[in-house]
Each structure stands twice: as structure tokens, then as C-alpha cells.
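Worksheet: one structure, shown below.
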There are 2 protein chains.
Amino acid sequence: MRGSVVGDGMAMGEAVTGKGRELMSHIAEIIAVGTELLLGNIANTNAQELSQTLSALGINVYWHTVVGDNAGRLREAVERARRRADILITTGGLGPTYDDLTKQTVCRAFGRELVLRPAIAEQIRARYERNLRAPMPENNLRQAEFPADCIVFDNPVGTAPGCAFEEQGVHVLMLPGPPFEMRAMLEGGAVPYLRRLSGDVIVSRDIMTFGMGESRVEELLRDKMERMTNPTLATYAKPSEVRLRATAKAGSVEAAEAMLDPVVSDVRAALGDIVYGVDVKGLEYACVSALRGRGLTLATAESCTGGQIAARLTAIPGVSAAYRGGVVSYWTEMKAAVLGVPSEILDAHGAVSEPTARAMARGVCELTGAPVGVSVTGVAGPDRDERGVAVGTVYVGLATPEGTFCRALDLGQRRRDILQNLAGNHAFDLLRRWLSGLPLSL
Amino acid sequence: MRGSVVGDGMAMGEAVTGKGRELMSHIAEIIAVGTELLLGNIANTNAQELSQTLSALGINVYWHTVVGDNAGRLREAVERARRRADILITTGGLGPTYDDLTKQTVCRAFGRELVLRPAIAEQIRARYERNLRAPMPENNLRQAEFPADCIVFDNPVGTAPGCAFEEQGVHVLMLPGPPFEMRAMLEGGAVPYLRRLSGDVIVSRDIMTFGMGESRVEELLRDKMERMTNPTLATYAKPSEVRLRATAKAGSVEAAEAMLDPVVSDVRAALGDIVYGVDVKGLEYACVSALRGRGLTLATAESCTGGQIAARLTAIPGVSAAYRGGVVSYWTEMKAAVLGVPSEILDAHGAVSEPTARAMARGVCELTGAPVGVSVTGVAGPDRDERGVAVGTVYVGLATPEGTFCRALDLGQRRRDILQNLAGNHAFDLLRRWLSGLPLSL
């Protein structure tokens, strides 16, 4: 994902506290349409994601507006937006039902006709009937109606396409509401459209770190971050992971990349081996490419993470070259019966212990034939385990041809999902450090 | 979670397309102030939380607006809001620095003086000097200035207090931007203020379904949905799951619940056994409570879902009463060596086949001692498997004391993560149907 210009989605529990600067040019307003937003059923993450992307393109966002599925109020929002912005992006209200009103309402506001595009109607019908194996209700054809003379954006992950047109210097882009559809169309359709509006290109690099808090990362880089105007450097944090985004604006991709290279080097020099990659999606991706690079395969043995490590690995297409599979030994009996953890270890040290973590990692290697095994055993809560071990106590094991290693952690009393995610990150960090020949402890 | 009044968060990939009607009363607009929102550094979770709370109080939220730390645009937003709403809630811009402009700007818009409250100034000074052990900078005194004749809301977790006043029938409430300060002041100050404005309560029930598309669900319920005004009924869809939210407004929780019971019964009657629960968080929760109810335990054997089913189960606190663990047999060799799938089956039918799915489910029961096992084998893509089986081909197996069952699926060519999620949902659906004595096929 070198030279990415698109912001990525929010991961679970991401506590983003971005610090950055603005690059000047167009003015945009984002109008989200959907009663579910006004009821508080969902947060307006689409506006956040669009804002990140527009900022990276050098477009200023001055307004977010949210209205319900109500034609009058949507019309009012559109009329206002076209007077104070020159890029107007709507999300939501493109679906097939009676309260999906965005295209009609925008067309009325801009005096454009709504026209059926027969080729798109046939695509929508074919996709519907292939996926749902039932005749398509005729109201779905509304999704094939578009403002006259617009550009249609394909929806690779849903049925409702989006579109864009220009009217008297105002660019209107209509994107779907479901976040993963919005994201796909943003990358595939809206970003290329918007990039043409701006002479310069904006290129970003994401420098990924694990193992240091955001405030310490900022302390180490503050002087640099405050002095920089182009490229800029901003931090985005989730628990235990900090992503640094370096962004450059230049006349060409090559020129922007040449500006970014020294920033990446400087950050690496300042932060050392907590940097696990550049433009890598996560620790598990770094591990899989290092495994493939070394021709090794992995197996996993999970207790408190309960399959999350396996699920993160198997979310990666083509992972079978590096990952054989694993065992979720949620019950202690499975640690003995399936993974072969000696009952003396379980009796003497308990299921949540360093000897158990080591034996689990070795056991899953033996079971699967994989040369490398990682294991996690710990207490994710909400309660202590039956031996009284505290919530947040986690042992991460690593079995390799060079020996078996263990990282003992006290992650504190946190929410179950955060603890499981953090424990998984530590397992991946231990693995990537061994794969890269780095010191294994943080 | 019976009688919940709070909307839930977004699950991964949730494609929410809410359809419903609104209940009438006060009209509120939420104005969030902060450039960090427009840069996409944070999502506007304050607006979500306020919306949930206001809905529960029977107050309609018609608009969310976000502006940066800019007096002109904030003034424009306030002027507009006071004309179209009678409750105006701002978040952010109450701090001590030059770009904290909310109180001044709101006062100018409403023609109120900004007055220093000496007692509050002393409180702020004492708290500052106690916490930071340094003399307070004088600009912090701006946090003790308030509109004339307002109610001040204490800030129990920060320095900037909030406030509320009424002007010509419009109620203005100003709350801080940091989410935990906003939440504390909402509970301690704003909710009591707002409750005095509204006599009614709002109660919701979420009716959860799996196995029918949103447009078909709507077709079956449209007449009812369009006729209803109180209670209301709205749909929210993700791929293959539709949640129906019934919402009633009444003088008491008991009265609202009495209005909701017949709606739930009617929906159940219209939709039949695709309804898997009411106020249940997801299919895996329905399965775990049914397993516990029957005193049964489960094990899992996953290929293409790669640990996602295990991860969804182990995200549930206390799941160990119902879930023993499982195997992620990503490599075919693991299906034979660990799960004991006979090599004749693998050779004759392939890893993605009904006989393999059945043998995996039986194998994991034998391995773990669990009476019930579910298995998934399929092709999640992006490419066909080595035997040429198409992406989206999935077999879900279920081994029980009563016999072994299988659901064969063609889920079509979809994105890997969507296919994995759908395959998991089908596994849970097959399980919950068996546990509830329902027909096993959809």
C-alpha cells in the first residue's frame, strides 16, 4: 500500500487523537443522511473517514451535517451547503426503499433530472439475483436512477452505486451509507474524482509502531512534528499501537515520495525497533510477510484470545503459505488432551502460567508439524480465574527451532475485548521480533 | 437487555440502513465544535451519545452540525439552529485557550452578557493549584465566565463547567468536548435539566432475525410499519441479518413495555422462525444461552472461517460454561491428522465438501469430548481452491447426539471478510435451529 492516499477504517477500540496541520484549497461539506445517526444508533464514522481522506487530498472540510431520512430537511441542508462549500459529499439514502431520498432531493435542489440507466439496472438485477437467488423487487430499480450527465461510481460490495456531477462550480458526490460500501466507493470512485480537482498530489506513508504509548512517541518526535509543514507528521493511537502518518504534497508522486523518505528514516532513527513496518496494515501482516520471507510456517494455540489470533491471520488472503492452523484450548482439559501440556505442569503452575504457555507453543508445533508456534494463555476477565489469577495476567509463548520463549505480561484490569486484542498484539510482536532477529523483550 | 433504551454500537461491517418513523415532541440540534472533528482525527461520538440520551428522553434530534474552532461559522450554526430547534446542545470550545469560543459566540448570538462568577473562579483556581501544584494562568478564568442568568453545570472530571439558559422558548445547553467530561456532565447536569422539559419515556426492543433479506422483511411488514406511529418499527440490515427495532413512547416504562409486547408478537407471527431472539446481541449469544439452557457444551472445527467462530464465542464473558474450544484446521493435513477426517473422504470429495464438513464436526466432538460440534469448510477466496471449487462454496456441519447434519451453501463471489462472517452466521443459525427444535434448513 505504498503511496496510499486513503485513510483507513477505525479498528475496534481505536482511540484516535490525531495531531496535524491543514493544507489549504477547496472547501468541502459532508452531509450524512440517516435517522439511525440522529437516534444515536451509530456514530458518524463515515464523516470521520471522509474527513481524513479529504484532508490528505488537501481539501478543507468546514462542515459536517447530519439529517434524518426526511426530504425537507435534506433539501435545506443541500441548499445551505452549496452556498458555503464547493465540494458537497453526501453519505446514505441511496438504497431501494421509500425513505432513501438522497438522489431525488439533490436533483431537485440542483434542478437536474433523475434518469434510469438501463445497463446499470441490469447489473443490479444480475447481482441481486446471483446473491439472493430470488427475483429482484422492482423498487430496487430506483438504485439505477441517476442525475442526468453524472459520473456513476461502481459499488463493488453492495447494490447501490454512487455518483458525482458538477453544477456551477460545485461538485456533488453521493456515496452510500453502510461504512464498508462507503469506504470501497471512496477508494475506487471518489478519491480519483477528487484528485483531479487538485493540481497537486498528496502522498502518505503510515509508519507502524507497537510497544510505546502515544505521549512518549510524541515526546520523542515533538520538535520535529511542530517544525514540519510539508511533509507533515501526525499520530493516531489505539491501545499500545501508534501509527504515524507522514504526508507530503508535491507536483508528482515521485516528488512527494522523495520528500517522505527522509521523514521515515528520521522516525525510524528516533523510535528504533518499535517500528514494525511502513504501510503495513497490522502486526499480523508483518508476521505473515516475515514468515513467507523465511519460508516458515506457523501454528497457534490460544486460550484467552479464543481464536482471535487465528482469525486475524486467516483474514489475510493467501495466508495458507504461512499459516497451518491451530487450536483454541479454551478448556484446560484441551490443553492436556489436544496440545499435550503435561498434567504436572497444569497442576503445579496452573493453566495461566509461563510453563503452560511454553508447553502449549511446543505442543501445537508437534500436533501440526509447524516449525514455529505461538501460544497465549491468560485471564481476559471479567473475573479472576479459578486459581485467583488476576484479570490482565497473560503469558505469550513462542516455540521455534532455536528454542522456546515466553513474554509474561500484566495488562491490568481492562475491558475483555481490549485485553484479548492486546494479548494478540503481544503474541504477534514476540513473533515478529524473533523473525527479524531483534531482542524479544520490549 | 429487556426494555433497553440505548442503541448499540456498530459491529464490523454493519450496513445499517435504518427505516422508521419519528415520535413527535421537542426538537433538538447538536452542534459539535472542534477542528479535530473536521480533520477526521476523532469521530463525533458525543453526538451519538447525546442522541441516544435525548431519544430516551423522548426528544427528537433533527440535526447534528460540526464546525471547527471558528467564531464566524459557529455563529452561523447557532443562528440557524435556534430557528429550527427548541433545544440546542453544544459540545466543545469551553476550555481556557484562545480558540475556545463557544460561550462568547453563543452569547453574541442570543444577545446575552458574559459575566464572571467569582465563586466558580475560586473553585477553578483551587482545583488547578491542587492538581498541578503551580499558580493558575489568568486565561483559565475565562472558564468562570457564563451567560447572564444561566444554570451552571459542575464538571466533576475536568476544569471547564458547562451551563444552560432559556431564551424565547429555546433552551441552550453548553457541554465540554472531551467525551468523558461530556458524559459526566450529561448525566449530572443536562439530563436532569432536560427531563424537566419532557414527561415521557421511550423504550425500545430489538427483534433479531437471520436468513431473510431486508427488502423481503420490509415487504412482509410494510403495511404495519407504515401505519404505525407509536410504537414505531424500523429495520436495520447487515448482510443476511435484519434487526427490527420497535420503539414506544409512554408515561412510564411499564406502559411503554405493554405497548411493545403485541408488536413483538406480531413481528414473530409475520416472520416465523427467522426471528432468533429479542434484545439479543447476535446469533452467537442466542446459541450460548440455548446451550446453557440445555446443559450442553460445544466445540468448533473451522477451515475457511479460520477462528472467527471461536473468537465470536470467546468474546462473550462466561462462555466457558458452554464452549470447550476448537481446532482451526486451515491446512488440509490438519483435518486428517488433528480432526481425524478419513483420508478417503478428503481424496474422494476434497476438503470443501459435505462429507468433510460432517467428519470435521464429528472429529472435533471426539477430540474434545463435547456433545455438540459445528464445523465450517469452504472457499473464502479471493481464488478458487486447488480443486477448482468456486469462491463462496461453503459447507456447515453439525454433530449432535441425535446425528450429524450439514448445510450446503453457495454464498456467491463476495469479499473475503463478508463471506467469512456469513459462513459463521450460517453455522450459528444451524446450531440454534437444532438447539430450538426448529427445521434445520432455511
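Residues in the C-alpha cells are numbered from 1 in each chain, the chains being A, B, ... in the order shown, and ligands are numbered from 1 in the order shown.
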
- Message: With 7 Å as the limit and counting only C-alpha atoms, what residues in chain B lie close to chain A? Please list them as a PyMOL selection string.
- Response: chain B and resi 7-10+13-16+18-19+38-45+48-49+51-52+55+61-68+306-308+310-311+314-315+317+324-331+334+368+382+411-412+417

- Spatial neighbours of Leu271 of chain A, 9 Å, only C-alpha atoms, chain gap at least 4 places, as a PyMOL selection string: chain A and resi 209+217+220-221+266-267+275

- Just how far from atom CA of Phe110 of chain A is atom CA of Ala81 of chain A, in Å to one decimal?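 Straight-line distance from atom CA of Ala81 of chain A to atom CA of Phe110 of chain A works out to 11.8 Å.
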
- Which one is closest to Ala237 of chain A: A:Leu291, A:Val253, A:Ile207, A:Leu296? Count only C-alpha atoms.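 Comparing A:Leu291, A:Val253, A:Ile207, A:Leu296 against Ala237 of chain A, the winner is A:Ile207.
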
- Item | Residues within 6 Å of Arg245 of chain B, only C-alpha atoms, excluding chain neighbours under 3 positions, as a PyMOL selection string | chain B and resi 205-206+233-234

Could you write out that same residue set with N, CA and C atoms as a compact mmCIF listing (two decimals), in the first residue's frame?
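Once everything was written out, this is again-v2.txt:
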# COMPACT_ATOMS: atom_id res chain seq x y z
N ARG B 205 -37.27 -2.26 21.77
CA ARG B 205 -36.95 -3.69 21.73
C ARG B 205 -36.33 -3.99 20.39
N ASP B 206 -35.26 -4.76 20.39
CA ASP B 206 -34.62 -5.18 19.14
C ASP B 206 -35.01 -6.62 18.84
N LEU B 233 -41.76 0.99 14.20
CA LEU B 233 -40.99 -0.21 13.88
C LEU B 233 -40.03 0.17 12.76
N ALA B 234 -38.74 -0.10 12.95
CA ALA B 234 -37.73 0.28 11.95
C ALA B 234 -36.80 -0.90 11.70

- Task: One decimal, Å: what's the distance from atom CA of Thr247 of chain A over to atom CA of Pro231 of chain A, could you say?
- Result: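 Atom CA of Pro231 of chain A lies 5.2 Å from atom CA of Thr247 of chain A.
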
- Message: For a test of reading the model, state the distance in Å between atom CA of Val115 of chain B and atom CA of Arg82 of chain B, rounded to one decimal.
- Response: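 Separation between atom CA of Val115 of chain B and atom CA of Arg82 of chain B: 22.1 Å.
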
Run DSSP on the backbone of this structure and report the residues of segment 348-421 of chain A it assigns to helix (DSSP H, G or I), as a PDB file with N, CA and C atoms, in the first residue's frame.
ATOM      1  N   ALA A 348       0.933 -28.032  38.834  1.00  0.00           N
ATOM      2  CA  ALA A 348       1.873 -27.271  39.654  1.00  0.00           C
ATOM      3  C   ALA A 348       1.782 -25.769  39.400  1.00  0.00           C
ATOM      4  N   HIS A 349       1.577 -25.365  38.130  1.00  0.00           N
ATOM      5  CA  HIS A 349       1.656 -23.936  37.806  1.00  0.00           C
ATOM      6  C   HIS A 349       0.315 -23.335  37.393  1.00  0.00           C
ATOM      7  N   GLU A 354       3.721 -19.389  32.897  1.00  0.00           N
ATOM      8  CA  GLU A 354       4.753 -19.439  31.869  1.00  0.00           C
ATOM      9  C   GLU A 354       5.018 -20.867  31.385  1.00  0.00           C
ATOM     10  N   PRO A 355       5.159 -21.865  32.297  1.00  0.00           N
ATOM     11  CA  PRO A 355       5.398 -23.221  31.786  1.00  0.00           C
ATOM     12  C   PRO A 355       4.280 -23.712  30.881  1.00  0.00           C
ATOM     13  N   THR A 356       3.025 -23.365  31.191  1.00  0.00           N
ATOM     14  CA  THR A 356       1.908 -23.790  30.339  1.00  0.00           C
ATOM     15  C   THR A 356       1.993 -23.119  28.976  1.00  0.00           C
ATOM     16  N   ALA A 357       2.288 -21.805  28.944  1.00  0.00           N
ATOM     17  CA  ALA A 357       2.390 -21.108  27.660  1.00  0.00           C
ATOM     18  C   ALA A 357       3.472 -21.747  26.789  1.00  0.00           C
ATOM     19  N   ARG A 358       4.625 -22.052  27.402  1.00  0.00           N
ATOM     20  CA  ARG A 358       5.708 -22.679  26.632  1.00  0.00           C
ATOM     21  C   ARG A 358       5.278 -24.053  26.108  1.00  0.00           C
ATOM     22  N   ALA A 359       4.631 -24.836  26.978  1.00  0.00           N
ATOM     23  CA  ALA A 359       4.232 -26.190  26.566  1.00  0.00           C
ATOM     24  C   ALA A 359       3.147 -26.153  25.496  1.00  0.00           C
ATOM     25  N   MET A 360       2.262 -25.149  25.569  1.00  0.00           N
ATOM     26  CA  MET A 360       1.230 -25.008  24.528  1.00  0.00           C
ATOM     27  C   MET A 360       1.876 -24.725  23.170  1.00  0.00           C
ATOM     28  N   ALA A 361       2.862 -23.820  23.165  1.00  0.00           N
ATOM     29  CA  ALA A 361       3.503 -23.461  21.896  1.00  0.00           C
ATOM     30  C   ALA A 361       4.233 -24.663  21.306  1.00  0.00           C
ATOM     31  N   ARG A 362       4.962 -25.397  22.175  1.00  0.00           N
ATOM     32  CA  ARG A 362       5.648 -26.593  21.679  1.00  0.00           C
ATOM     33  C   ARG A 362       4.634 -27.644  21.226  1.00  0.00           C
ATOM     34  N   GLY A 363       3.560 -27.760  21.991  1.00  0.00           N
ATOM     35  CA  GLY A 363       2.557 -28.782  21.682  1.00  0.00           C
ATOM     36  C   GLY A 363       1.882 -28.564  20.339  1.00  0.00           C
ATOM     37  N   VAL A 364       1.589 -27.323  20.024  1.00  0.00           N
ATOM     38  CA  VAL A 364       0.889 -27.090  18.756  1.00  0.00           C
ATOM     39  C   VAL A 364       1.840 -27.297  17.579  1.00  0.00           C
ATOM     40  N   CYS A 365       3.137 -27.074  17.783  1.00  0.00           N
ATOM     41  CA  CYS A 365       4.110 -27.400  16.729  1.00  0.00           C
ATOM     42  C   CYS A 365       4.112 -28.902  16.468  1.00  0.00           C
ATOM     43  N   GLU A 366       4.142 -29.668  17.560  1.00  0.00           N
ATOM     44  CA  GLU A 366       4.169 -31.121  17.412  1.00  0.00           C
ATOM     45  C   GLU A 366       2.893 -31.616  16.726  1.00  0.00           C
ATOM     46  N   LEU A 367       1.756 -31.058  17.147  1.00  0.00           N
ATOM     47  CA  LEU A 367       0.468 -31.501  16.613  1.00  0.00           C
ATOM     48  C   LEU A 367       0.343 -31.221  15.121  1.00  0.00           C
ATOM     49  N   THR A 368       0.853 -30.082  14.689  1.00  0.00           N
ATOM     50  CA  THR A 368       0.609 -29.621  13.317  1.00  0.00           C
ATOM     51  C   THR A 368       1.810 -29.812  12.410  1.00  0.00           C
ATOM     52  N   ARG A 416     -12.661  -6.763  28.461  1.00  0.00           N
ATOM     53  CA  ARG A 416     -12.323  -8.065  27.890  1.00  0.00           C
ATOM     54  C   ARG A 416     -11.831  -7.965  26.441  1.00  0.00           C
ATOM     55  N   ASP A 417     -12.541  -7.244  25.591  1.00  0.00           N
ATOM     56  CA  ASP A 417     -12.151  -7.213  24.177  1.00  0.00           C
ATOM     57  C   ASP A 417     -10.811  -6.509  23.987  1.00  0.00           C
ATOM     58  N   ILE A 418     -10.549  -5.490  24.807  1.00  0.00           N
ATOM     59  CA  ILE A 418      -9.274  -4.782  24.696  1.00  0.00           C
ATOM     60  C   ILE A 418      -8.135  -5.688  25.154  1.00  0.00           C
ATOM     61  N   LEU A 419      -8.354  -6.416  26.246  1.00  0.00           N
ATOM     62  CA  LEU A 419      -7.329  -7.346  26.722  1.00  0.00           C
ATOM     63  C   LEU A 419      -7.031  -8.425  25.676  1.00  0.00           C
ATOM     64  N   GLN A 420      -8.074  -8.966  25.054  1.00  0.00           N
ATOM     65  CA  GLN A 420      -7.856 -10.011  24.057  1.00  0.00           C
ATOM     66  C   GLN A 420      -7.064  -9.461  22.874  1.00  0.00           C
ATOM     67  N   ASN A 421      -7.410  -8.255  22.448  1.00  0.00           N
ATOM     68  CA  ASN A 421      -6.706  -7.636  21.329  1.00  0.00           C
ATOM     69  C   ASN A 421      -5.241  -7.365  21.666  1.00  0.00           C
TER      70      ASN A 421
END
